[in-house]
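**Q** Dropping in input_8.txt, with compact mmCIF, C-alpha atoms.
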```txt
# COMPACT_ATOMS: atom_id res chain seq x y z
CA MET A 235 -89.64 23.62 76.89
CA ARG A 236 -86.36 22.16 75.69
CA ILE A 237 -86.50 18.69 74.17
CA LEU A 238 -83.68 16.18 73.70
CA ILE A 239 -84.48 13.42 71.18
CA ILE A 240 -82.30 10.37 71.78
CA SER A 241 -81.60 8.34 68.64
CA SER A 242 -79.42 5.40 67.67
CA PHE A 243 -78.32 7.10 64.45
CA PHE A 244 -78.09 10.52 62.86
CA ILE A 245 -81.58 11.73 61.92
CA ASP A 246 -81.88 11.29 58.15
CA PRO A 247 -85.60 11.14 57.20
CA ASN A 248 -84.77 9.21 54.03
CA LYS A 249 -83.16 6.35 55.94
CA GLY A 250 -86.08 4.92 57.89
CA GLY A 251 -89.45 5.50 59.51
CA VAL A 252 -88.20 6.36 63.01
CA GLN A 253 -85.75 8.91 61.64
CA ARG A 254 -88.42 10.41 59.40
CA VAL A 255 -90.84 10.67 62.33
CA SER A 256 -88.14 12.30 64.47
CA SER A 257 -87.43 14.93 61.81
CA LEU A 258 -91.16 15.66 61.46
CA LEU A 259 -91.52 16.14 65.23
CA PHE A 260 -88.40 18.33 65.20
CA GLU A 261 -89.90 20.69 62.63
CA ALA A 262 -93.33 20.72 64.29
CA PHE A 263 -91.86 21.41 67.76
CA ILE A 264 -89.75 24.25 66.33
CA ARG A 265 -92.86 25.77 64.71
CA LYS A 266 -94.51 25.71 68.13
CA GLY A 267 -91.63 27.56 69.79
CA LEU A 268 -89.83 24.66 71.49
CA GLU A 269 -86.06 24.20 71.49
CA VAL A 270 -85.13 20.75 70.13
CA TYR A 271 -81.79 18.90 70.17
CA PHE A 272 -80.60 15.41 69.24
CA LEU A 273 -78.26 13.02 71.06
CA VAL A 274 -76.91 10.26 68.79
CA LEU A 275 -75.73 7.05 70.41
CA ASP A 276 -74.00 5.42 67.46
CA GLY A 277 -72.59 6.37 64.07
CA SER A 278 -71.63 9.85 62.93
CA GLU A 279 -72.55 12.47 60.36
CA ASN A 280 -70.40 11.77 57.31
CA GLY A 281 -71.92 14.11 54.75
CA SER A 282 -73.59 11.36 52.73
CA HIS A 283 -77.15 11.95 53.91
CA ARG A 284 -79.70 12.81 51.25
CA LEU A 285 -81.33 15.71 53.00
CA GLY A 286 -82.43 19.04 51.72
CA GLU A 287 -79.58 21.33 52.77
CA SER A 288 -81.73 23.54 54.96
CA LEU A 289 -83.12 20.68 57.05
CA ARG A 290 -79.76 18.89 57.10
CA ASP A 291 -77.96 21.94 58.42
CA ARG A 292 -80.64 22.69 61.00
CA ILE A 293 -80.52 19.13 62.36
CA LEU A 294 -76.72 18.98 62.35
CA ASP A 295 -76.51 22.28 64.20
CA ARG A 296 -78.55 20.74 67.02
CA THR A 297 -77.03 17.23 67.04
CA TYR A 298 -74.55 15.93 69.61
CA PHE A 299 -72.62 12.66 69.45
CA LEU A 300 -71.46 10.62 72.44
CA PRO A 301 -67.67 10.67 72.87
CA GLU A 302 -67.44 6.88 73.42
CA ARG A 303 -69.83 5.09 71.06
CA ASP A 304 -68.55 1.56 71.69
CA SER A 305 -69.81 1.40 75.26
CA PHE A 306 -72.91 3.50 75.69
CA PRO A 307 -73.45 3.84 79.49
CA ARG A 308 -69.75 4.25 80.34
CA LYS A 309 -68.56 7.08 82.60
CA GLU A 310 -67.40 9.41 79.79
CA ASN A 311 -70.82 9.26 78.12
CA VAL A 312 -72.72 9.83 81.35
CA GLU A 313 -70.62 12.86 82.24
CA PHE A 314 -70.93 14.26 78.71
CA SER A 315 -74.71 13.77 78.70
CA ALA A 316 -75.23 15.25 82.16
CA ASP A 317 -73.24 18.34 81.16
CA LEU A 318 -75.19 18.61 77.90
CA ILE A 319 -78.57 18.37 79.62
CA GLN A 320 -77.53 20.92 82.21
CA ARG A 321 -75.99 23.33 79.68
CA LEU A 322 -78.91 23.17 77.22
CA GLY A 323 -81.54 23.34 79.97
CA ILE A 324 -83.26 20.15 78.75
CA THR A 325 -86.69 19.65 80.30
CA HIS A 326 -87.85 16.47 78.51
CA CYS A 327 -86.14 13.56 76.73
CA ILE A 328 -87.77 11.43 74.02
CA ASN A 329 -86.11 8.04 73.72
CA GLN A 330 -86.52 6.87 70.11
CA THR A 331 -84.31 3.79 70.61
CA ASP A 332 -87.14 2.03 72.47
CA LEU A 333 -86.10 -1.49 73.51
CA PHE A 334 -82.39 -0.65 73.66
CA ALA A 335 -82.41 -1.22 77.43
CA ARG A 336 -79.03 0.43 78.05
CA VAL A 337 -80.70 3.83 77.62
CA VAL A 338 -82.32 3.11 80.98
CA GLU A 339 -78.87 2.48 82.51
CA TRP A 340 -77.68 5.73 80.92
CA LYS A 341 -80.62 7.64 82.42
CA VAL A 342 -79.86 6.33 85.92
CA GLY A 343 -76.23 7.35 85.55
CA VAL A 344 -77.10 10.83 84.29
CA GLU A 345 -79.56 11.37 87.15
CA LEU A 346 -76.89 10.38 89.68
CA GLU A 347 -74.40 12.73 88.01
CA LEU A 348 -76.89 15.63 88.01
CA GLY A 349 -78.35 14.85 91.42
CA ARG A 350 -81.89 15.22 90.09
CA PRO A 351 -84.42 13.31 87.94
CA VAL A 352 -84.33 13.43 84.12
CA TRP A 353 -87.80 13.13 82.55
CA MET A 354 -87.86 10.61 79.69
CA ALA A 355 -90.57 9.12 77.50
CA SER A 356 -89.59 5.97 75.60
CA VAL A 357 -91.41 5.31 72.32
CA HIS A 358 -92.20 1.84 70.96
CA HIS A 359 -92.31 2.14 67.18
CA ASN A 360 -93.48 -1.38 66.44
CA CYS A 361 -96.39 -3.70 66.97
CA VAL A 362 -96.68 -5.77 70.14
CA GLY A 363 -98.77 -8.93 69.76
CA CYS A 364 -97.52 -9.57 66.23
CA LEU A 365 -94.01 -10.26 67.56
CA ALA A 366 -95.40 -13.54 68.90
CA ASP A 367 -98.45 -14.17 66.72
CA ASN A 368 -96.56 -13.85 63.41
CA TYR A 369 -93.32 -15.44 64.57
CA ARG A 370 -93.32 -18.16 61.91
CA GLU A 371 -93.39 -15.60 59.10
CA LEU A 372 -91.02 -13.22 60.88
CA ARG A 373 -88.40 -15.90 61.38
CA PHE A 374 -88.53 -17.75 58.05
CA GLY A 375 -91.14 -16.39 55.66
CA GLY A 376 -89.15 -13.96 53.53
CA LYS A 377 -86.06 -15.95 52.60
CA VAL A 378 -87.71 -19.36 52.30
CA ASN A 379 -90.59 -18.11 50.16
CA ILE A 380 -88.53 -16.00 47.79
CA ASP A 381 -86.22 -18.98 47.26
CA ARG A 382 -89.21 -21.15 46.46
CA ALA A 383 -90.69 -18.55 44.12
CA SER A 384 -87.37 -18.26 42.29
CA GLY A 385 -86.93 -22.01 41.99
CA LYS A 386 -83.65 -21.83 43.95
CA LEU A 387 -84.72 -23.80 46.97
CA GLY A 388 -82.20 -26.34 48.11
CA TRP A 389 -81.11 -28.04 51.27
CA ASN A 390 -79.50 -24.96 52.77
CA LYS A 391 -79.33 -24.44 56.52
CA GLU A 392 -82.30 -22.07 56.62
CA GLU A 393 -84.54 -24.49 54.74
CA VAL A 394 -83.51 -27.47 56.90
CA VAL A 395 -84.20 -25.58 60.13
CA PHE A 396 -87.54 -24.36 58.76
CA ARG A 397 -88.68 -27.87 57.80
CA LEU A 398 -87.71 -29.25 61.20
CA MET A 399 -89.55 -26.46 63.04
CA ASP A 400 -92.64 -26.20 60.86
CA ARG A 401 -95.07 -27.82 63.30
CA LYS A 402 -98.11 -26.11 64.83
CA TRP A 403 -97.14 -27.09 68.36
CA ILE A 404 -93.68 -25.64 67.89
CA TRP A 405 -95.07 -22.27 66.76
CA ARG A 406 -97.47 -22.23 69.72
CA LEU A 407 -94.57 -22.90 72.06
CA MET A 408 -92.44 -20.23 70.36
CA ALA A 409 -95.27 -17.70 70.77
CA ILE A 410 -95.29 -18.38 74.53
CA LEU A 411 -91.50 -18.02 74.73
CA VAL A 412 -91.49 -14.83 72.65
CA ARG A 413 -94.14 -13.27 74.88
CA LYS A 414 -92.12 -14.17 77.98
CA LYS A 415 -88.94 -12.72 76.46
CA TYR A 416 -90.55 -9.44 75.43
CA ARG A 417 -92.53 -9.13 78.67
CA ASN A 418 -89.23 -8.90 80.53
CA ILE A 419 -87.68 -6.49 78.01
CA PHE A 420 -90.73 -4.22 77.90
CA SER A 421 -91.04 -4.20 81.70
CA GLY A 422 -87.41 -3.16 82.11
CA VAL A 423 -87.66 -0.20 79.72
CA ILE A 424 -91.05 0.85 81.11
CA LYS A 425 -89.66 0.78 84.67
CA GLY A 426 -86.80 3.08 83.68
CA SER A 427 -89.01 5.54 81.77
CA ASP A 428 -91.42 8.15 83.07
CA LYS A 429 -93.85 7.41 80.24
CA TYR A 430 -93.97 4.65 77.64
CA VAL A 431 -95.50 5.83 74.38
CA LEU A 432 -97.28 3.40 72.07
CA LEU A 433 -98.60 4.22 68.61
CA SER A 434 -102.11 2.91 69.30
CA GLU A 435 -104.45 2.07 72.17
CA SER A 436 -104.65 -1.46 70.75
CA PHE A 437 -100.98 -1.95 71.64
CA ARG A 438 -101.68 -0.97 75.25
CA LYS A 439 -104.16 -3.86 75.50
CA GLU A 440 -101.63 -6.25 73.98
CA LEU A 441 -98.87 -5.15 76.35
CA ILE A 442 -101.17 -5.64 79.31
CA GLY A 443 -101.85 -9.11 77.87
CA PHE A 444 -98.11 -9.78 77.92
CA GLY A 445 -98.23 -9.23 81.68
CA VAL A 446 -95.85 -6.24 81.77
CA SER A 447 -95.40 -4.17 84.89
CA GLY A 448 -95.84 -0.40 85.02
CA VAL A 449 -99.00 -0.24 82.88
CA GLU A 450 -99.93 3.10 84.47
CA LYS A 451 -97.09 4.66 82.44
CA LEU A 452 -98.55 3.62 79.07
CA VAL A 453 -99.90 6.31 76.74
CA SER A 454 -100.68 6.30 73.03
CA ILE A 455 -99.62 8.92 70.47
CA PRO A 456 -99.62 8.04 66.74
CA ASN A 457 -96.87 8.99 64.33
CA PRO A 458 -97.20 12.14 62.20
CA SER A 459 -97.68 12.07 58.45
CA THR A 460 -94.77 12.99 56.20
CA TYR A 461 -96.92 14.94 53.75
CA SER A 462 -99.73 17.43 54.15
CA ALA A 463 -103.14 16.17 53.02
CA ASN A 464 -104.25 19.63 51.91
CA HIS A 465 -104.45 18.69 48.23
CA ILE A 466 -107.33 19.77 46.03
CA TRP A 467 -108.54 16.35 44.96
CA GLU A 468 -109.64 17.41 41.48
CA GLU A 469 -106.11 18.67 40.77
CA LEU A 470 -104.59 15.56 42.33
CA TYR A 471 -106.79 13.30 40.18
CA THR A 472 -105.33 14.75 36.97
CA GLN A 473 -101.89 13.45 38.00
CA LYS A 474 -103.04 9.89 38.59
CA GLU A 475 -102.02 7.05 36.28
CA ASN A 476 -102.85 3.35 36.29
CA ARG A 477 -100.00 2.45 38.62
CA VAL A 478 -99.69 0.16 41.65
CA LEU A 479 -96.95 1.11 44.11
CA PHE A 480 -94.80 -0.65 46.71
CA VAL A 481 -92.45 1.36 48.96
CA GLY A 482 -90.16 -0.35 51.45
CA ARG A 483 -86.97 -2.22 52.19
CA ILE A 484 -86.19 -4.96 49.71
CA ASP A 485 -84.86 -7.68 51.98
CA HIS A 486 -85.99 -11.00 53.41
CA GLY A 487 -87.53 -9.50 56.51
CA GLN A 488 -90.45 -7.40 57.68
CA LYS A 489 -91.73 -5.80 54.45
CA ARG A 490 -91.95 -9.15 52.61
CA PRO A 491 -91.29 -7.97 49.04
CA ASP A 492 -91.50 -11.62 47.96
CA LYS A 493 -95.25 -11.43 48.64
CA MET A 494 -95.45 -8.15 46.74
CA ILE A 495 -93.77 -9.54 43.62
CA ARG A 496 -96.13 -12.52 43.58
CA VAL A 497 -99.10 -10.16 43.79
CA PHE A 498 -97.71 -8.17 40.86
CA ASP A 499 -97.12 -11.41 38.97
CA LYS A 500 -100.77 -12.44 39.28
CA LEU A 501 -102.06 -9.00 38.22
CA HIS A 502 -99.59 -8.38 35.41
CA THR A 503 -101.27 -10.43 32.68
CA GLN A 504 -104.84 -9.51 33.66
CA PHE A 505 -104.22 -5.75 33.63
CA GLY A 506 -102.14 -4.95 30.57
CA ASP A 507 -102.64 -1.18 30.88
CA TRP A 508 -101.27 -0.94 34.42
CA GLN A 509 -97.69 -0.31 35.59
CA PHE A 510 -96.18 -1.62 38.81
CA ASP A 511 -93.54 0.42 40.70
CA VAL A 512 -91.13 -0.81 43.38
CA VAL A 513 -89.36 1.94 45.33
CA GLY A 514 -86.70 0.76 47.76
CA ASP A 515 -83.40 -1.03 48.04
CA GLY A 516 -81.96 -3.96 49.96
CA ASP A 517 -80.25 -7.33 49.86
CA ALA A 518 -83.06 -9.09 47.98
CA LEU A 519 -83.39 -6.54 45.16
CA GLU A 520 -81.38 -8.52 42.61
CA GLU A 521 -83.35 -11.68 43.41
CA LEU A 522 -86.61 -9.84 42.79
CA LYS A 523 -85.31 -8.47 39.51
CA GLU A 524 -84.28 -11.98 38.43
CA TYR A 525 -87.72 -13.31 39.35
CA ALA A 526 -89.46 -10.52 37.41
CA MET A 527 -87.27 -11.21 34.38
CA SER A 528 -87.92 -14.96 34.54
CA ARG A 529 -91.67 -14.29 34.60
CA ASN A 530 -91.54 -11.65 31.83
CA LEU A 531 -92.92 -8.96 34.14
CA ASP A 532 -91.88 -6.14 31.82
CA ARG A 533 -94.21 -3.58 33.45
CA VAL A 534 -92.73 -4.07 36.92
CA HIS A 535 -90.23 -1.23 37.41
CA PHE A 536 -87.53 -1.21 40.10
CA HIS A 537 -86.54 2.34 41.02
CA GLY A 538 -84.17 1.74 43.93
CA PHE A 539 -83.91 4.06 46.91
CA GLN A 540 -85.30 7.56 46.41
CA ASP A 541 -87.88 10.04 47.70
CA PRO A 542 -91.22 8.30 47.03
CA LYS A 543 -93.44 11.40 46.91
CA SER A 544 -93.51 11.71 43.11
CA PHE A 545 -94.54 8.04 42.94
CA TYR A 546 -97.34 8.56 45.45
CA MET A 547 -98.59 11.53 43.47
CA ARG A 548 -99.08 9.58 40.24
CA SER A 549 -100.09 6.17 41.67
CA LYS A 550 -103.62 4.99 42.36
CA ILE A 551 -103.03 1.95 44.56
CA PHE A 552 -100.47 1.21 47.28
CA VAL A 553 -99.75 -2.34 48.47
CA MET A 554 -98.23 -3.24 51.83
CA THR A 555 -97.37 -6.93 52.22
CA SER A 556 -95.54 -6.73 55.55
CA ASP A 557 -95.50 -9.45 58.19
CA TYR A 558 -95.70 -6.79 60.89
CA GLU A 559 -95.75 -3.02 61.31
CA GLY A 560 -95.85 -0.64 64.21
CA PHE A 561 -97.71 2.11 62.44
CA GLY A 562 -97.09 1.80 58.71
CA LEU A 563 -96.06 5.39 57.98
CA THR A 564 -96.14 4.69 54.24
CA LEU A 565 -99.87 3.95 54.58
CA VAL A 566 -100.51 7.48 55.83
CA GLU A 567 -98.17 8.92 53.20
CA ALA A 568 -100.12 7.11 50.50
CA GLN A 569 -103.52 8.28 51.75
CA SER A 570 -102.34 11.88 52.06
CA CYS A 571 -101.53 11.75 48.32
CA GLY A 572 -104.83 10.16 47.29
CA VAL A 573 -103.40 6.64 46.91
CA VAL A 574 -105.66 3.81 48.13
CA PRO A 575 -103.81 1.23 50.28
CA VAL A 576 -104.31 -2.53 50.33
CA VAL A 577 -102.68 -3.95 53.45
CA ASN A 578 -102.44 -7.15 55.48
CA ARG A 579 -103.99 -7.17 58.93
CA CYS A 580 -100.51 -7.79 60.32
CA PHE A 581 -100.71 -5.39 63.28
CA SER A 582 -103.59 -4.59 65.59
CA SER A 583 -103.56 -0.83 64.98
CA VAL A 584 -104.07 -1.16 61.22
CA ASP A 585 -107.71 -0.05 61.55
CA ASP A 586 -106.52 3.19 63.16
CA VAL A 587 -104.24 3.91 60.21
CA VAL A 588 -106.51 2.67 57.38
CA SER A 589 -110.23 3.22 57.90
CA LYS A 590 -113.05 1.40 56.11
CA THR A 591 -113.58 4.53 54.02
CA SER A 592 -109.93 4.99 53.02
CA GLY A 593 -108.53 1.60 52.03
CA VAL A 594 -108.76 -2.18 52.11
CA VAL A 595 -107.49 -4.37 54.97
CA VAL A 596 -107.08 -8.08 54.19
CA ASP A 597 -106.76 -10.84 56.80
CA PHE A 598 -103.15 -11.78 57.40
CA GLY A 599 -102.14 -14.79 55.28
CA ASP A 600 -105.10 -14.50 52.87
CA ASP A 601 -102.95 -13.91 49.78
CA GLU A 602 -105.74 -14.82 47.38
CA ASN A 603 -108.06 -12.14 48.77
CA PHE A 604 -105.20 -9.64 48.72
CA VAL A 605 -104.90 -10.10 44.96
CA LYS A 606 -108.70 -9.99 44.49
CA SER A 607 -109.02 -6.78 46.53
CA THR A 608 -106.28 -5.08 44.54
CA ALA A 609 -107.85 -6.21 41.26
CA GLU A 610 -111.23 -4.84 42.33
CA LEU A 611 -109.72 -1.40 42.89
CA MET A 612 -108.04 -1.58 39.49
CA GLU A 613 -111.35 -2.43 37.79
CA ASN A 614 -113.76 -0.27 39.80
CA GLU A 615 -112.99 3.43 39.28
CA GLU A 616 -115.97 4.52 41.38
CA LEU A 617 -114.77 2.49 44.37
CA TRP A 618 -111.22 3.79 43.96
CA ILE A 619 -112.40 7.42 43.83
CA ARG A 620 -114.52 6.99 46.96
CA LEU A 621 -111.65 5.48 48.95
CA SER A 622 -109.14 7.98 47.58
CA LEU A 623 -111.27 10.87 48.82
CA GLY A 624 -111.74 9.08 52.15
CA GLY A 625 -107.98 8.64 52.47
CA LEU A 626 -107.30 12.35 52.06
CA GLU A 627 -109.78 13.14 54.80
CA HIS A 628 -108.57 10.37 57.14
CA SER A 629 -104.88 11.29 56.81
CA ARG A 630 -105.50 14.84 58.10
CA SER A 631 -105.76 13.43 61.63
CA PHE A 632 -102.06 12.54 61.41
CA ASP A 633 -100.89 16.05 60.50
CA ALA A 634 -97.53 16.76 62.17
CA ASP A 635 -98.85 19.79 64.07
CA VAL A 636 -101.80 17.76 65.40
CA ILE A 637 -99.44 15.03 66.68
CA ALA A 638 -97.03 17.62 68.12
CA ASP A 639 -99.93 19.03 70.15
CA LYS A 640 -100.50 15.59 71.68
CA TRP A 641 -96.86 15.54 72.78
CA LEU A 642 -97.21 19.04 74.23
CA GLU A 643 -100.21 17.86 76.25
CA LEU A 644 -98.11 15.01 77.62
CA PHE A 645 -95.22 17.35 78.50
CA THR A 646 -97.63 19.75 80.23
CA ILE A 647 -99.21 16.95 82.28
CA MET A 648 -95.77 15.78 83.37
CA ASN A 649 -94.82 19.31 84.39
CA GLY A 650 -97.86 19.07 86.65
```
Output the file's structure as C-alpha cells, nothing else.

**A**
Amino acid sequence: MRILIISSFFIDPNKGGVQRVSSLLFEAFIRKGLEVYFLVLDGSENGSHRLGESLRDRILDRTYFLPERDSFPRKENVEFSADLIQRLGITHCINQTDLFARVVEWKVGVELELGRPVWMASVHHNCVGCLADNYRELRFGGKVNIDRASGKLGWNKEEVVFRLMDRKWIWRLMAILVRKKYRNIFSGVIKGSDKYVLLSESFRKELIGFGVSGVEKLVSIPNPSTYSANHIWEELYTQKENRVLFVGRIDHGQKRPDKMIRVFDKLHTQFGDWQFDVVGDGDALEELKEYAMSRNLDRVHFHGFQDPKSFYMRSKIFVMTSDYEGFGLTLVEAQSCGVVPVVNRCFSSVDDVVSKTSGVVVDFGDDENFVKSTAELMENEELWIRLSLGGLEHSRSFDADVIADKWLELFTIMNG
C-alpha cells in the first residue's frame, strides 16, 4: 500500500495535534512496511521546524508542495497532483484538512485528470456536538473572562457584543444555526470522501443528530499516543514531584488558559509545597504573566513553547480547561507518563480518552468542582497512585502501532 497524507501545512509534530498525529501515523505505517508521502496545500518548509534531524529529513524527503498555493483546486495543482499520484502509485489518501471543502473539489479534478477514482478518507479531528452546545464559551469566553480576571474590562467592542447577545434564547437560536451550518459543511465533505473518520463512536451519534447525509461512510478510529506507555511505574514514581501541569496554546480560544490560571490561583495558597507549570505560547501569554504577578503567584512557572515530555515525566497532575476538544491528545500523553488528568466534560468522547480508573472528568462549567477535584488529588496520595497506574494501563490502547492496525483494516476493507 502507498499512502498520501494531505495536510494544510508541513508536518511538524511540535506545531499542533494534527501534525503530531500525522507524524506518528507516518512512523507507524513505515514500520509496517507501507510507503507514505505527504502533500502540503499551503506554506513551505523553511528550515525553522524543531524536529529531530532524522525525522525531519525523512518527512521532508517524502513531502511534496503544490505549485500554486494561492488557489488550491486550480488546473496546475490538479495536474501536478494527478501526476504525483500516478508516479508514486498511491493507493489511499488520508485527508487531514477535514472541513476544508476544496479538497473535495481537488479530488474530483484529480479523478477526471486520471480517468479513475482516487480513494480518500477525510478525518475530523474535533468534537461535533460541542460546536453548537458550547458556542457561548467558544465565541466569547476566553477574551471576556481573562479581561475580567485581569481587571481590564472596559466597553470594548467584544464586551459590548457579548453583553447584547448574552441571553439564553439567543444561545439556543445560535445552537440551531450552528448545527444547520455544520450539517451542510459536514455533508459536503462526507459526500466527496470514500470514508469519513471520526475519533469516537460518540461523534458518529452526534453527526447523525445533525442530520448529515452519507452516514454509511462514517467510521471511528482514535488518535495514537505520542509516547509509549511501557514505563516501569516504580521507576516513573521516583521522578515525580508535587507539580500540576498545563500544556496548550496560550490564547483566548479553545484551550481557555484563563480558566487554568484561575484554578492555579485558588490552589496556590492552599498548597504551598506544590509548583504549577504552564507549557505553551500564544497571544495571551503576557496577559497571564501579568495576572500571575498581580496575584503573587510566584510558584506558577511559564515555560513557553517546548517539548512537554520532561514536564509530563516529573508532574503528578495534568489540567485541561478547554471549551472543546476532538480527542485531547495531551490527555493520552499525560496518562502514558503516569500523570493524572483533570478535565472538563467539554466533548462527548472524553470518557473514551479518560476512564474512571485513570483520571477525573468534571461537568463542563463546574469550575468549583474542578478546583476541588484537583485539590483532592493533591491531598490524597493513595487516590493519585491508583489513578496514575490506571492511566498507564489505559493509554496502552492508544499505542501508535495499535491505531495503525485499525487504519490497515480500513484500507483492506476498501480494497475489497

**Q** Suppose you want the space between atom CA of Glu468 of chain A and atom CA of Leu626 of chain A; what is it in Å?

**A**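 Separation between atom CA of Glu468 of chain A and atom CA of Leu626 of chain A: 12.0 Å.
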
**Q** Of the candidates A:Asn418, A:Asn329, A:Leu300, A:Pro458, which one gets nearest to Ala316 of chain A if we count only C-alpha atoms?

**A** A:Leu300

**Q** Using only C-alpha atoms, which of A:Tyr369, A:Tyr430, A:Phe561, A:Tyr546 sits nearest Lys402 of chain A?

**A**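 Selected residue with least distance to Lys402 of chain A: A:Tyr369.
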
**Q** Between atom CA of Lys425 of chain A and atom CA of Leu259 of chain A, what is the spacing in Å?

**A**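 Interatomic distance here is 24.8 Å.
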
**Q** For segment 500-513 of chain A, please output as a PyMOL selection string all residues within 9 Å (counting all atoms listed in the file; exclusion window: fewer than 2 positions along the same chain).

**A** chain A and resi 475-484+495-498+515+531-542+545+549+605+608-609+612-613

**Q** Take the selection from the previous step and output its residues with C-alpha atoms, as a short mmCIF file (atom, residue, chain, number, x, y, z; two decimals), keeping the file's coordinate frame.

**A**
```cif
data_model
loop_
_atom_site.label_atom_id
_atom_site.label_comp_id
_atom_site.auth_asym_id
_atom_site.auth_seq_id
_atom_site.Cartn_x
_atom_site.Cartn_y
_atom_site.Cartn_z
CA GLU A 475 -102.02 7.05 36.28
CA ASN A 476 -102.85 3.35 36.29
CA ARG A 477 -100.00 2.45 38.62
CA VAL A 478 -99.69 0.16 41.65
CA LEU A 479 -96.95 1.11 44.11
CA PHE A 480 -94.80 -0.65 46.71
CA VAL A 481 -92.45 1.36 48.96
CA GLY A 482 -90.16 -0.35 51.45
CA ARG A 483 -86.97 -2.22 52.19
CA ILE A 484 -86.19 -4.96 49.71
CA ILE A 495 -93.77 -9.54 43.62
CA ARG A 496 -96.13 -12.52 43.58
CA VAL A 497 -99.10 -10.16 43.79
CA PHE A 498 -97.71 -8.17 40.86
CA ASP A 515 -83.40 -1.03 48.04
CA LEU A 531 -92.92 -8.96 34.14
CA ASP A 532 -91.88 -6.14 31.82
CA ARG A 533 -94.21 -3.58 33.45
CA VAL A 534 -92.73 -4.07 36.92
CA HIS A 535 -90.23 -1.23 37.41
CA PHE A 536 -87.53 -1.21 40.10
CA HIS A 537 -86.54 2.34 41.02
CA GLY A 538 -84.17 1.74 43.93
CA PHE A 539 -83.91 4.06 46.91
CA GLN A 540 -85.30 7.56 46.41
CA ASP A 541 -87.88 10.04 47.70
CA PRO A 542 -91.22 8.30 47.03
CA PHE A 545 -94.54 8.04 42.94
CA SER A 549 -100.09 6.17 41.67
CA VAL A 605 -104.90 -10.10 44.96
CA THR A 608 -106.28 -5.08 44.54
CA ALA A 609 -107.85 -6.21 41.26
CA MET A 612 -108.04 -1.58 39.49
CA GLU A 613 -111.35 -2.43 37.79
#
```

**Q** Nearest to Leu452 of chain A: which of A:Tyr416, A:Arg529, A:Val357, A:Arg579 is it, counting all atoms listed in the file?

**A** A:Val357

**Q** For segment 475-479 of chain A, I'd like the enclosing box, axis-aligned and padded by 5 Å on every side, reported as AutoDock Vina command-line options with centre and edge lengths in Å to one decimal.

**A**
```
--center_x -99.9 --center_y 3.6 --center_z 40.2 --size_x 15.9 --size_y 16.9 --size_z 17.8
```

**Q** Could you please determine the separation between atom CA of Gly624 of chain A and atom CA of Glu559 of chain A in Å, to one decimal place?

**A**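 Here the two named atoms are 22.0 Å from each other.
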
**Q** Counting all atoms listed in the file, which residue out of A:Glu615, A:Asp400, A:Glu345, A:Glu450 sits closest to Lys429 of chain A?

**A** A:Glu450

**Q** Please determine, counting all atoms listed in the file, which residue among A:Ile455, A:Thr646, A:Leu333, A:Arg236 has the shortest atom-to-atom distance to Phe263 of chain A.

**A** A:Arg236

**Q** What lies within 12 Å of Leu365 of chain A using only C-alpha atoms, ignoring chain neighbours under 2 positions off, as an MDAnalysis selection string?

**A** chainID A and resid 360:363 367:373 408:417 437 440:441 444 488 557:560 580:582

**Q** Might you pull out every residue within 12 Å of segment 272-274 of chain A, with all atoms listed in the file counted and same-chain residues fewer than 4 positions away left off, and present them as a count of residues only?

**A** 46

**Q** With all atoms listed in the file as the counted atoms, please give the residues lying no more than 10 Å from Asn578 of chain A, apart from itself and same-chain residues fewer than 2 positions off, as a PyMOL selection string.

**A** chain A and resi 553-559+575-576+580-581+584+594-601+604

**Q** Export, as an mmCIF file, in the coordinates of the input, the selected residues with C-alpha atoms.

**A**
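Just written: out_33.cif:
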```cif
data_model
loop_
_atom_site.group_PDB
_atom_site.id
_atom_site.type_symbol
_atom_site.label_atom_id
_atom_site.label_comp_id
_atom_site.auth_asym_id
_atom_site.auth_seq_id
_atom_site.Cartn_x
_atom_site.Cartn_y
_atom_site.Cartn_z
ATOM 1 C CA VAL A 553 -99.750 -2.340 48.470
ATOM 2 C CA MET A 554 -98.230 -3.240 51.830
ATOM 3 C CA THR A 555 -97.370 -6.930 52.220
ATOM 4 C CA SER A 556 -95.540 -6.730 55.550
ATOM 5 C CA ASP A 557 -95.500 -9.450 58.190
ATOM 6 C CA TYR A 558 -95.700 -6.790 60.890
ATOM 7 C CA GLU A 559 -95.750 -3.020 61.310
ATOM 8 C CA PRO A 575 -103.810 1.230 50.280
ATOM 9 C CA VAL A 576 -104.310 -2.530 50.330
ATOM 10 C CA CYS A 580 -100.510 -7.790 60.320
ATOM 11 C CA PHE A 581 -100.710 -5.390 63.280
ATOM 12 C CA VAL A 584 -104.070 -1.160 61.220
ATOM 13 C CA VAL A 594 -108.760 -2.180 52.110
ATOM 14 C CA VAL A 595 -107.490 -4.370 54.970
ATOM 15 C CA VAL A 596 -107.080 -8.080 54.190
ATOM 16 C CA ASP A 597 -106.760 -10.840 56.800
ATOM 17 C CA PHE A 598 -103.150 -11.780 57.400
ATOM 18 C CA GLY A 599 -102.140 -14.790 55.280
ATOM 19 C CA ASP A 600 -105.100 -14.500 52.870
ATOM 20 C CA ASP A 601 -102.950 -13.910 49.780
ATOM 21 C CA PHE A 604 -105.200 -9.640 48.720
#
```

**Q** Compare A:Asp635, A:Gly343, A:Val587, A:Asp332 by their minimum atom-to-atom distance to Glu310 of chain A, counting only C-alpha atoms, and give me the closest one.

**A**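 Counting only C-alpha atoms, the residue closest to Glu310 of chain A is A:Gly343.
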
**Q** Just want the 10 Å neighbourhood of Gly625 of chain A, counted on all atoms listed in the file, with same-chain residues fewer than 6 positions away dropped. Output as a PyMOL selection string.

**A** chain A and resi 463+565-575+587-593+619
